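These notes concern the structure reproduced below.
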Amino acid sequence: MARGREWIGFAVFAVLLTAFPLVAPESIVDIGVYALIYGIAALGLSLLMGLAGQVNLGQAAFFAIGAYTQGMLVTRYGVALPVAAVAAVAFAMLAALLVGLPLLRLRGHYLALATLGLGIIVTVAATESDYLGATSGIYGIAKPEFGGRRYDSAAEFFWLLAPVMFLAVLFARNVVAGRIGRALGAINDSEVAAECLGADTFRLRLQVFVLSAGYGGLAGVAYVHWIGVVNPNAANFPLSVEFLLMAVLGGLGSVWGAVIGAVAVEFLDEGLRDVIPRLIPHASGEVQLIGFGVALTAVVLFVPGGLYDLWRRAVTRLRRRSATPAAPSGSTVDTTDETPVLSRPDRPAPGTTLLSVEGLVRHFGGVTALDGVSFDVRAGEIFGLIGPNGAGKTTCFNIVSGVLAPSGGSVRLRGTRIDGRKPHVSARARATRTFQNLQIFGSTTVRGNVAVGRHLRGRAGLLRAALVLPARAEERAIARSVDEILALVGIADAADRPAADLSFGRQRLVEIARALALEPDLLLLDEPMAGLSGGERADLARLLRRLRAGGMAIVLVEHDVEAVLALADRVAVLDDGVLIALGRPDEVRHDPAVVAAYLGLDEDDEVDETADDPVVRAAVRELDGG
Amino acid sequence: MTDLGQLLLAGLSVGGVYALVAMGFAAIYAVSGVLNLTQGEFAALAGLVAISASGNGFPLPLAALLGIVTVVVLALAIQRLIIAPVRRMTTLLSIILTLGVSTALKATMLLIWGPEGRGLDPLPGNDFTAAGVAVRSQYLWILGVSVVVAVAVSWFYERTLAGKALRACAEQPVAARLAGISVARASLVSFGIAGLLGGIAGVLASPVYFSAWDSGLALGLKGFVAATLGGLTSIRGAFMGGLVLGVVESLVAGYIDTGLRDAVAFVVLIVVLVARPDGVLRRQVAARV
């Protein structure tokens with residue numbers, strides 16, 4: 001349904017692009033050509049800002065790199081236009097790779113300012129270099145000619161550029177709606193959760209940055225063939241601001257937004273150049289910038305979603321009445337206790353060591369949160385991790401899942417060291433987790449949350465997004481497995497609801513479903529029972545047993561000691577960062593050190609002496625599950 | 001040797017201007033995490049206003065004061081009208097917002113003063129030659145004033161209760177609020193200080209480096225680079241960063257190629273961000289505090 005509507009959008013866009021030069025007067029078509037050229041660059045910027053949450057204040061630098069490369073190749077070396085264009089775009093992307101490689105590891109605002117600097121560096125380099133024609137730049141670039149037809153009027157050039165723009169928008173749409181867009185959206189909601197599901201933040205952001213620079217370079221290629229000349233002004237700051245305004249005004253991350261923004265800004269530009277000198281006779285130079293500046297500030301302050309967002313909201317408001325709620329699908333939770341689920345043929349045999357933690361130490365400033373903790377977790381077991389508040393359970397969890405680096409010791413997963421690496425490395429090694437403080441991706445539905453968990457099971461990259469069909473086949477496969485997992489966890493009825501609308505308990509289940517979508521061998525659950533109703537707890541316990549039967553290893557951190565002792569095959573007890581007991585639940589239950597830890601006694605106190613104390617008896621009863 | 005001395009002096013002088021702008025960045029960023037890209041425009045505007053005032057018969061000190069006051073008022077207005085209304089301000093959002101303001105300011109200055117750059121009359125004093133180095137009195141004014149201002153501002157931020165309260169807002173906004181510090185007021189004060197710093201930079205620099213509608217762009221960026229060298233939150237770091245950047249630029253322009261002057265700052269920025277994202281000068285400063 002939504003997909004159908006989207007294709008209507010593309011059809012309308014194609015018709016508009018075709019018909020525009022026929023119906024519009026020459027001078028307006030001329031503006032339209034600029035809107036297309038600049039719109040391509042703005043589209044790239046919109047992808048970067050909307051998806052990767054990064055700002056490039058020097059998009060004109062990549063625009064200029066594309067334009068200069070194209071101009072050089074065509075005029076000096078006689079390279080054919082399409083070949084030169086590929087090289088020019090590749091060169092702009094290479095420049096972005098070199099800038100992004102070091103800078104995207106840092107927090108957002110450094111990229112913004114470094115790209116602003118890049119614009120100035122490119123301007124200076126072009127001005128200073130005789131090879132690049134110094135201040136006069138490169139000129140004499142011919143209008144394109146294909147099959148004996150010269151595209152030299154505004155209408156002709158518009159028609160030549162229209163398919164390029166159409167494909168650029170289609171490609172951008174595939175990136176936004178596909179695997180990469182989904183992962184980046186998740187990163188914007190919760191970076192740590194997305195990384196624990198295998199999303200490599202740095203790599204994804206770098207990809208989008210390089211892609212957006214490619215759009216900038218492509219716009220530069222179109223520009224240089226239309227104007228016939230490129231000089232250092234192409235890398236100039238006002239142009240970067242213009243691109244930024246187009247992206248922000250239209251609406252970040254929405255492909256149509258950039259198109260709308262480009263058209264709006266081009267007409268604004270034209271109008272201002274016309275109106276300002278009439279109002280103020282002495283005005284000369286780039287006075288239209290005043291409108292750009294005011295518009296940019298006003299949009300961010302008053303319409304942060306941009307024009308496209310305004311329009312979509314109006315449409316949604318009209319549609320809301322007619323929408324029908326999704327039919328709830330019946331609960332499919334199986335009542336048989338131990339049927340294996342989500343088993344995998346190449347999973348390690350039950351009983352072999354999967355996770356091996358050795359001598360783990362972690363300091364926070366002067367505090368030692370973990371002090372020499374060692375344990376193994378075997379495939380096909382449920383391993384409980386308990387201990388009083390502040391014992392170091394969550395720290396231990398964070399280190400195993402790669403969220404924290406240990407101060408000492410090692411974590412091995414199937415023999416490979418993973419400590420101190422990023423969470424996506426653990427995820428790649430098929431270990432993932434849920435969070436005590438929920439890390440739901442609030443901007444998407446339950447289904448969208450779980451689909452992020454399929455990130456590593458898909459392969460569609462930027463290239464495959466370009467080839468629409470294989471990516472769509474993969475999307476269908478993802479949709480199928482997401483439905484299966486939702487049914488398994490028992491939240492299929494909420495599949496299309498915004499995840500943020502669910503109760504805490506059900507959000508916990510969404511996190512578990514999301515983690516299961518990764519098909520992990522090791523599943524780390526941080527307080528999964530908290531906030532669940534009695535029935536939901538029983539269902540979850542049953543699910544965990546079935547997963548165990550399927551060969552998965554599960555580590556449980558729980559405050560509900562009874563639940564852990566009932567469910568786990570082995571239990572480790574942490575107190576004050578030290579492992580004080582490790583064994584079967586019935587062994588741990590009566591371990592004097594454990595009883596003492598839950599009472600806050602020193603270890604050398606004799607528990608027997610205090611056994612008559614009613615408080616101790618109560619504590620022992622709790623551990624006994626009475 | 002004379003060459004080197006001349007280049008060092010010129011570098012320190014322009015570095016003093018960068019330092020003032022850089023301290024403006026740090027003054028705001030340390031309080032609210034806002035990166036104010038209008039910092040360079042503050043300097044350009046102060047210079048242009050002072051030039052116009054002086055051209056209309058105002059005595060030089062009064063003209064300079066008028067330029068500075070205009071900018072302080074503008075800075076306060078920007079905080080009230082643009083920054084304060086945004087509920088969930090992020091550094092990135094502040095960059096886009098202030099970029100919009102700075103673009104509008106640039107174009108406004110272009111409309112009022114036209115495209116040509118011009119210079120304010122220099123402050124009184126005689127140029128002289130010492131050890132073969134030609135010393136312009138304005139160089140000494142720039143250096144002297146920027147040192148005095150740097151000492152005053154860093155004393156305010158690091159030693160006075162009001163200054164500590166400002167910095168508390170950045171580190172622990174909630175705790176600061178609980179302690180009775182108004183975060184909104186703190187942000188306003190920091191904008192006022194940044195305006196003052198930018199204004200002083202503008203009137204000091206104008207006689208030597210000229211003021212034009214677009215001179216704030218490069219100046220603001222270089223000020224930002226200098227502030228980044230110092231770790232972005234340290235007033236003293238920003239000051240040192242400004243001087244270092246000015247000297248490096250001057251040496252590159254003198255010994256390699258004048259045209260490369262403007263590129264130096266950004267090469268330095270990228271190198272610093274890659275090698276030491278927390279700032280080159282930060283550790284020294286932290287060790288002293």
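Chain labels run A, B, ... following the order of the structure tokens; each chain numbers its residues from 1, and ligands are numbered from 1 in the order shown.
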
Residue list for chain B near chain A as a PyMOL selection string, 6 Å, only C-alpha atoms:
chain B and resi 92+97+100-101+103-104+107+111+263+266+274

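Residues in contact with Asp200 (chain A) at up to 12 Å, not including ones fewer than 6 positions away on its chain and judged by only C-alpha atoms, are Ala52, Arg105, Ile180, Ala183, Leu184, Ala186, Ile187, Glu191, Val192, Ala193, Ala194, Leu206, Gln207, Arg421, Lys422, Pro423, His424, Val425, Ser426, Ala427, Arg428, His455 and Leu456 of chain A.
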
Got a sec to tell me which of region 209-425 of chain A DSSP assigns to strand (DSSP E or B), as a PyMOL selection string?
chain A and resi 229-230+353-364+367-378+382-386+408-413+416-417

Resulting file, chosen residues, C-alpha atoms, as a compact mmCIF listing (two decimals), in the first residue's frame:
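Ended up saving to part.txt:
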```
# COMPACT_ATOMS: atom_id res chain seq x y z
CA VAL A 229 33.60 27.40 -17.13
CA VAL A 230 34.64 26.73 -13.57
CA THR A 353 32.71 -23.50 25.73
CA LEU A 354 31.34 -20.50 23.86
CA LEU A 355 32.22 -17.51 26.00
CA SER A 356 35.31 -17.43 28.12
CA VAL A 357 35.91 -14.54 30.51
CA GLU A 358 39.28 -14.43 32.21
CA GLY A 359 40.55 -12.19 34.98
CA LEU A 360 38.30 -9.29 34.05
CA VAL A 361 39.22 -6.03 35.80
CA ARG A 362 37.59 -2.66 35.35
CA HIS A 363 38.32 0.57 37.19
CA PHE A 364 36.20 3.71 37.07
CA VAL A 367 36.60 2.63 42.02
CA THR A 368 37.18 -1.00 41.08
CA ALA A 369 33.93 -2.25 39.62
CA LEU A 370 35.27 -5.65 38.59
CA ASP A 371 38.23 -7.37 40.15
CA GLY A 372 39.53 -10.51 38.47
CA VAL A 373 36.27 -12.11 37.38
CA SER A 374 36.55 -15.36 35.40
CA PHE A 375 33.88 -17.73 34.11
CA ASP A 376 32.92 -19.76 31.06
CA VAL A 377 29.55 -20.00 29.37
CA ARG A 378 28.79 -23.13 27.33
CA ILE A 382 21.25 -20.65 30.63
CA PHE A 383 23.80 -18.90 32.79
CA GLY A 384 22.59 -16.63 35.57
CA LEU A 385 24.55 -13.65 36.83
CA ILE A 386 23.29 -12.35 40.17
CA GLY A 408 42.52 -5.87 32.33
CA GLY A 409 41.69 -9.46 31.48
CA SER A 410 40.21 -10.97 28.38
CA VAL A 411 36.91 -11.98 26.80
CA ARG A 412 36.94 -14.74 24.20
CA LEU A 413 34.06 -15.80 22.05
CA THR A 416 38.54 -15.18 19.45
CA ARG A 417 39.36 -12.22 21.66
```

Taking only C-alpha atoms into account, name the residue in B:Ala43, B:Ile181, B:Leu62, B:Ile193 that is nearest to Tyr18 (chain B).
B:Ala43

Do you know which residues are at most 7 Å from Ala64 (chain B) counting only C-alpha atoms, after dropping those on the same chain fewer than 4 positions away, and could you put them as number ranges by chain?
B: 50, 60, 68, 203

Atoms kept (all heavy atoms) for selection, written as a CSV table (one decimal), in the first residue's frame:
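Output (result.csv):
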```csv
chain,number,residue,atom,x,y,z
B,50,ALA,N,32.7,51.2,13.7
B,50,ALA,CA,33.7,52.2,14.2
B,50,ALA,C,34.2,53.1,13.1
B,50,ALA,O,34.4,54.3,13.2
B,50,ALA,CB,34.9,51.5,14.9
B,60,LEU,N,38.2,58.9,17.9
B,60,LEU,CA,38.5,57.5,17.7
B,60,LEU,C,38.1,56.6,18.9
B,60,LEU,O,37.4,55.6,18.6
B,60,LEU,CB,40.0,57.4,17.4
B,60,LEU,CG,40.5,56.0,17.0
B,60,LEU,CD1,39.8,55.6,15.7
B,60,LEU,CD2,42.0,56.0,16.8
B,68,ILE,N,32.1,48.5,19.6
B,68,ILE,CA,32.1,47.3,20.5
B,68,ILE,C,30.7,47.2,21.1
B,68,ILE,O,30.2,46.1,21.2
B,68,ILE,CB,33.2,47.5,21.6
B,68,ILE,CG1,34.6,47.5,21.0
B,68,ILE,CG2,33.1,46.5,22.7
B,68,ILE,CD1,35.7,47.9,21.9
B,203,VAL,N,37.8,46.2,16.3
B,203,VAL,CA,38.4,47.5,16.3
B,203,VAL,C,39.9,47.5,16.3
B,203,VAL,O,40.5,48.4,15.7
B,203,VAL,CB,37.8,48.5,17.4
B,203,VAL,CG1,36.3,48.7,17.1
B,203,VAL,CG2,38.0,47.9,18.7
```

Please identify all polymer residues within 10 Å of Gly217 (chain A), counting only C-alpha atoms, omitting same-chain residues fewer than 6 positions from it, and present them as a ChimeraX atom specification.
/A:40-41,44,59-70,85-93,211,223

Quick one: write out the picked residues with N, CA, C and O atoms as a tab-separated table (two decimals), in the first residue's frame?
```tsv
chain	number	residue	atom	x	y	z
A	40	ILE	N	20.88	18.15	-7.00
A	40	ILE	CA	21.62	16.89	-6.86
A	40	ILE	C	22.59	17.00	-5.68
A	40	ILE	O	22.68	16.10	-4.84
A	41	ALA	N	23.31	18.13	-5.62
A	41	ALA	CA	24.25	18.32	-4.51
A	41	ALA	C	23.51	18.39	-3.18
A	41	ALA	O	23.96	17.83	-2.17
A	44	GLY	N	22.45	14.97	-1.82
A	44	GLY	CA	23.53	14.28	-1.12
A	44	GLY	C	23.67	14.80	0.30
A	44	GLY	O	23.80	14.03	1.26
A	59	GLN	N	29.94	21.40	1.18
A	59	GLN	CA	29.51	20.59	0.05
A	59	GLN	C	30.01	21.19	-1.26
A	59	GLN	O	30.28	20.47	-2.21
A	60	ALA	N	30.15	22.53	-1.29
A	60	ALA	CA	30.65	23.17	-2.50
A	60	ALA	C	32.07	22.72	-2.83
A	60	ALA	O	32.48	22.76	-4.00
A	61	ALA	N	32.83	22.29	-1.83
A	61	ALA	CA	34.19	21.81	-2.11
A	61	ALA	C	34.13	20.58	-3.01
A	61	ALA	O	34.87	20.47	-3.99
A	62	PHE	N	33.22	19.67	-2.71
A	62	PHE	CA	33.11	18.45	-3.52
A	62	PHE	C	32.50	18.78	-4.89
A	62	PHE	O	32.87	18.18	-5.90
A	63	PHE	N	31.59	19.73	-4.87
A	63	PHE	CA	31.01	20.25	-6.11
A	63	PHE	C	32.14	20.79	-7.01
A	63	PHE	O	32.22	20.45	-8.20
A	64	ALA	N	33.04	21.57	-6.41
A	64	ALA	CA	34.13	22.15	-7.18
A	64	ALA	C	35.11	21.08	-7.64
A	64	ALA	O	35.61	21.13	-8.77
A	65	ILE	N	35.38	20.11	-6.78
A	65	ILE	CA	36.31	19.04	-7.17
A	65	ILE	C	35.75	18.30	-8.38
A	65	ILE	O	36.47	18.03	-9.35
A	66	GLY	N	34.46	18.01	-8.35
A	66	GLY	CA	33.83	17.36	-9.50
A	66	GLY	C	33.92	18.22	-10.75
A	66	GLY	O	34.28	17.75	-11.83
A	67	ALA	N	33.62	19.50	-10.59
A	67	ALA	CA	33.60	20.41	-11.74
A	67	ALA	C	35.00	20.57	-12.33
A	67	ALA	O	35.18	20.51	-13.55
A	68	TYR	N	35.99	20.78	-11.46
A	68	TYR	CA	37.35	20.96	-11.95
A	68	TYR	C	37.86	19.70	-12.64
A	68	TYR	O	38.47	19.76	-13.72
A	69	THR	N	37.63	18.54	-12.01
A	69	THR	CA	38.12	17.30	-12.61
A	69	THR	C	37.50	17.11	-13.99
A	69	THR	O	38.18	16.80	-14.96
A	70	GLN	N	36.19	17.33	-14.07
A	70	GLN	CA	35.50	17.17	-15.34
A	70	GLN	C	36.06	18.15	-16.38
A	70	GLN	O	36.38	17.77	-17.51
A	85	ALA	N	33.05	11.96	-16.46
A	85	ALA	CA	32.09	12.16	-15.37
A	85	ALA	C	32.28	11.12	-14.28
A	85	ALA	O	32.27	11.43	-13.08
A	86	VAL	N	32.49	9.86	-14.69
A	86	VAL	CA	32.72	8.80	-13.70
A	86	VAL	C	33.97	9.12	-12.89
A	86	VAL	O	33.99	9.04	-11.65
A	87	ALA	N	35.02	9.55	-13.58
A	87	ALA	CA	36.27	9.87	-12.89
A	87	ALA	C	36.08	11.05	-11.94
A	87	ALA	O	36.58	11.05	-10.82
A	88	ALA	N	35.33	12.05	-12.39
A	88	ALA	CA	35.13	13.25	-11.58
A	88	ALA	C	34.37	12.93	-10.30
A	88	ALA	O	34.73	13.38	-9.21
A	89	VAL	N	33.31	12.13	-10.44
A	89	VAL	CA	32.54	11.75	-9.26
A	89	VAL	C	33.40	10.90	-8.33
A	89	VAL	O	33.42	11.10	-7.11
A	90	ALA	N	34.16	9.98	-8.90
A	90	ALA	CA	35.02	9.12	-8.09
A	90	ALA	C	36.05	9.96	-7.34
A	90	ALA	O	36.36	9.69	-6.17
A	91	PHE	N	36.56	11.00	-8.00
A	91	PHE	CA	37.58	11.83	-7.38
A	91	PHE	C	36.99	12.61	-6.19
A	91	PHE	O	37.62	12.72	-5.13
A	92	ALA	N	35.77	13.12	-6.37
A	92	ALA	CA	35.11	13.82	-5.26
A	92	ALA	C	34.90	12.85	-4.09
A	92	ALA	O	35.08	13.22	-2.92
A	93	MET	N	34.52	11.61	-4.41
A	93	MET	CA	34.28	10.64	-3.35
A	93	MET	C	35.58	10.26	-2.64
A	93	MET	O	35.61	10.08	-1.43
A	211	LEU	N	29.17	8.96	-0.18
A	211	LEU	CA	28.08	9.00	-1.16
A	211	LEU	C	27.61	10.43	-1.38
A	211	LEU	O	27.40	10.87	-2.52
A	223	TYR	N	27.18	21.07	-13.75
A	223	TYR	CA	27.37	22.52	-13.73
A	223	TYR	C	28.37	22.96	-14.79
A	223	TYR	O	28.13	23.89	-15.55
```

As a ChimeraX atom specification, which residues of region 223-458 of chain A does DSSP assign to helix (DSSP H, G or I)?
/A:223-227,232-235,237-250,255-279,289-302,306-322,393-400,423-428,446-452,455-457

What's the 9 Å shell around Asn36 (chain B), counting only C-alpha atoms, without same-chain residues fewer than 3 positions away, as number ranges by chain?
B: 24-25, 28-29, 39, 94-95, 97-99, 191

Could you give me, as a PyMOL selection string, the residues within 10 Å of region 254-258 of chain B, counting only C-alpha atoms and dropping anything in the same chain fewer than 5 positions from it?
(chain A and resi 128) or (chain B and resi 3-4+6-8+248-249)

Write the residues of the preceding selection, restricted to N, CA, C and O atoms, as a tab-separated table (two decimals), in the first residue's frame.
```
chain	number	residue	atom	x	y	z
A	128	GLU	N	45.59	29.34	-6.32
A	128	GLU	CA	47.05	29.38	-6.34
A	128	GLU	C	47.67	28.53	-7.45
A	128	GLU	O	48.84	28.70	-7.78
B	3	ASP	N	64.33	38.97	9.04
B	3	ASP	CA	63.12	38.41	8.43
B	3	ASP	C	62.32	37.64	9.46
B	3	ASP	O	61.12	37.84	9.61
B	4	LEU	N	63.03	36.78	10.16
B	4	LEU	CA	62.35	35.93	11.14
B	4	LEU	C	61.68	36.79	12.19
B	4	LEU	O	60.52	36.59	12.54
B	6	GLN	N	60.72	39.86	11.96
B	6	GLN	CA	59.59	40.57	11.36
B	6	GLN	C	58.37	39.64	11.24
B	6	GLN	O	57.24	40.01	11.57
B	7	LEU	N	58.64	38.41	10.79
B	7	LEU	CA	57.54	37.45	10.61
B	7	LEU	C	56.92	37.06	11.95
B	7	LEU	O	55.70	36.94	12.07
B	8	LEU	N	57.79	36.90	12.95
B	8	LEU	CA	57.27	36.52	14.27
B	8	LEU	C	56.38	37.62	14.83
B	8	LEU	O	55.30	37.36	15.35
B	248	VAL	N	52.43	30.50	13.06
B	248	VAL	CA	52.61	29.46	12.02
B	248	VAL	C	52.21	30.01	10.66
B	248	VAL	O	52.93	29.85	9.67
B	249	GLU	N	51.07	30.68	10.63
B	249	GLU	CA	50.59	31.26	9.37
B	249	GLU	C	51.60	32.24	8.79
B	249	GLU	O	51.91	32.20	7.60
```

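Among the candidates B:Ala46, B:Ile235, B:Val31, B:Met240, the one nearest to Ala165 (chain B) when counting only C-alpha atoms is B:Val31.
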
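Distance annotation: of B:Gly223, B:Gly231, B:Gly55, B:Gly199, the residue with the minimal separation from Leu243 (chain B) is B:Gly223; atom set is only C-alpha atoms.
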
Who sits within 12 Å of Val164 (chain A), only C-alpha atoms, same chain under 3 positions skipped, as a PyMOL selection string
chain A and resi 14+17+36-37+39-40+157-161+167-171+215+218-219+221-222

Please produce an output containing N, CA, C and O atoms for each residue in the selection, written as an mmCIF file, in the first residue's frame.
```
data_model
loop_
_atom_site.group_PDB
_atom_site.id
_atom_site.type_symbol
_atom_site.label_atom_id
_atom_site.label_comp_id
_atom_site.auth_asym_id
_atom_site.auth_seq_id
_atom_site.Cartn_x
_atom_site.Cartn_y
_atom_site.Cartn_z
ATOM 1 N N ALA A 14 8.418 11.913 -12.632
ATOM 2 C CA ALA A 14 8.890 11.700 -14.003
ATOM 3 C C ALA A 14 8.093 12.553 -14.979
ATOM 4 O O ALA A 14 8.665 13.196 -15.875
ATOM 5 N N LEU A 17 9.126 16.212 -14.620
ATOM 6 C CA LEU A 17 10.432 16.460 -15.219
ATOM 7 C C LEU A 17 10.320 16.539 -16.737
ATOM 8 O O LEU A 17 10.967 17.371 -17.378
ATOM 9 N N LEU A 36 17.947 21.719 -10.831
ATOM 10 C CA LEU A 36 18.362 20.326 -10.995
ATOM 11 C C LEU A 36 19.817 20.135 -10.589
ATOM 12 O O LEU A 36 20.159 19.216 -9.852
ATOM 13 N N ILE A 37 20.681 21.012 -11.106
ATOM 14 C CA ILE A 37 22.115 20.877 -10.830
ATOM 15 C C ILE A 37 22.367 20.957 -9.326
ATOM 16 O O ILE A 37 22.954 20.056 -8.720
ATOM 17 N N GLY A 39 20.200 20.846 -6.966
ATOM 18 C CA GLY A 39 19.380 19.893 -6.223
ATOM 19 C C GLY A 39 20.084 18.565 -6.018
ATOM 20 O O GLY A 39 19.917 17.912 -4.982
ATOM 21 N N ILE A 40 20.881 18.151 -7.003
ATOM 22 C CA ILE A 40 21.620 16.891 -6.856
ATOM 23 C C ILE A 40 22.592 16.998 -5.683
ATOM 24 O O ILE A 40 22.683 16.100 -4.843
ATOM 25 N N PHE A 157 19.001 20.864 -22.163
ATOM 26 C CA PHE A 157 19.864 20.483 -21.052
ATOM 27 C C PHE A 157 19.029 19.942 -19.897
ATOM 28 O O PHE A 157 19.417 19.003 -19.214
ATOM 29 N N PHE A 158 17.870 20.547 -19.724
ATOM 30 C CA PHE A 158 16.971 20.080 -18.669
ATOM 31 C C PHE A 158 16.592 18.621 -18.916
ATOM 32 O O PHE A 158 16.622 17.793 -18.025
ATOM 33 N N TRP A 159 16.249 18.330 -20.167
ATOM 34 C CA TRP A 159 15.853 16.960 -20.496
ATOM 35 C C TRP A 159 17.014 15.979 -20.351
ATOM 36 O O TRP A 159 16.831 14.825 -19.997
ATOM 37 N N LEU A 160 18.215 16.460 -20.651
ATOM 38 C CA LEU A 160 19.382 15.596 -20.475
ATOM 39 C C LEU A 160 19.607 15.286 -18.995
ATOM 40 O O LEU A 160 19.961 14.171 -18.622
ATOM 41 N N LEU A 161 19.373 16.301 -18.178
ATOM 42 C CA LEU A 161 19.654 16.171 -16.746
ATOM 43 C C LEU A 161 18.523 15.465 -15.999
ATOM 44 O O LEU A 161 18.735 14.867 -14.943
ATOM 45 N N LEU A 167 17.183 9.249 -11.426
ATOM 46 C CA LEU A 167 17.931 8.116 -10.885
ATOM 47 C C LEU A 167 18.585 8.472 -9.556
ATOM 48 O O LEU A 167 18.649 7.640 -8.643
ATOM 49 N N ALA A 168 19.054 9.712 -9.437
ATOM 50 C CA ALA A 168 19.690 10.139 -8.186
ATOM 51 C C ALA A 168 18.683 10.068 -7.039
ATOM 52 O O ALA A 168 19.004 9.624 -5.932
ATOM 53 N N VAL A 169 17.441 10.485 -7.316
ATOM 54 C CA VAL A 169 16.399 10.444 -6.279
ATOM 55 C C VAL A 169 16.026 8.997 -5.955
ATOM 56 O O VAL A 169 15.893 8.614 -4.791
ATOM 57 N N LEU A 170 15.905 8.188 -6.993
ATOM 58 C CA LEU A 170 15.536 6.780 -6.797
ATOM 59 C C LEU A 170 16.596 6.062 -5.957
ATOM 60 O O LEU A 170 16.281 5.321 -5.020
ATOM 61 N N PHE A 171 17.836 6.304 -6.293
ATOM 62 C CA PHE A 171 18.949 5.697 -5.569
ATOM 63 C C PHE A 171 18.926 6.139 -4.106
ATOM 64 O O PHE A 171 19.039 5.322 -3.186
ATOM 65 N N TYR A 215 27.399 12.836 -4.809
ATOM 66 C CA TYR A 215 26.305 13.662 -5.328
ATOM 67 C C TYR A 215 26.806 15.079 -5.621
ATOM 68 O O TYR A 215 26.456 15.680 -6.632
ATOM 69 N N LEU A 218 28.857 14.984 -8.754
ATOM 70 C CA LEU A 218 28.003 14.820 -9.933
ATOM 71 C C LEU A 218 27.359 16.157 -10.319
ATOM 72 O O LEU A 218 27.294 16.527 -11.498
ATOM 73 N N ALA A 219 26.918 16.895 -9.306
ATOM 74 C CA ALA A 219 26.344 18.217 -9.562
ATOM 75 C C ALA A 219 27.379 19.121 -10.213
ATOM 76 O O ALA A 219 27.064 19.883 -11.133
ATOM 77 N N VAL A 221 29.823 18.196 -12.149
ATOM 78 C CA VAL A 221 29.968 17.780 -13.545
ATOM 79 C C VAL A 221 28.878 18.423 -14.400
ATOM 80 O O VAL A 221 29.139 18.993 -15.471
ATOM 81 N N ALA A 222 27.635 18.351 -13.917
ATOM 82 C CA ALA A 222 26.518 18.938 -14.660
ATOM 83 C C ALA A 222 26.718 20.440 -14.826
ATOM 84 O O ALA A 222 26.498 21.011 -15.900
#
```

Counting only C-alpha atoms, which residue out of A:Gly178, A:Ser533, A:Met165, A:Ala24 sits closest to Gly461 (chain A)?
A:Gly178
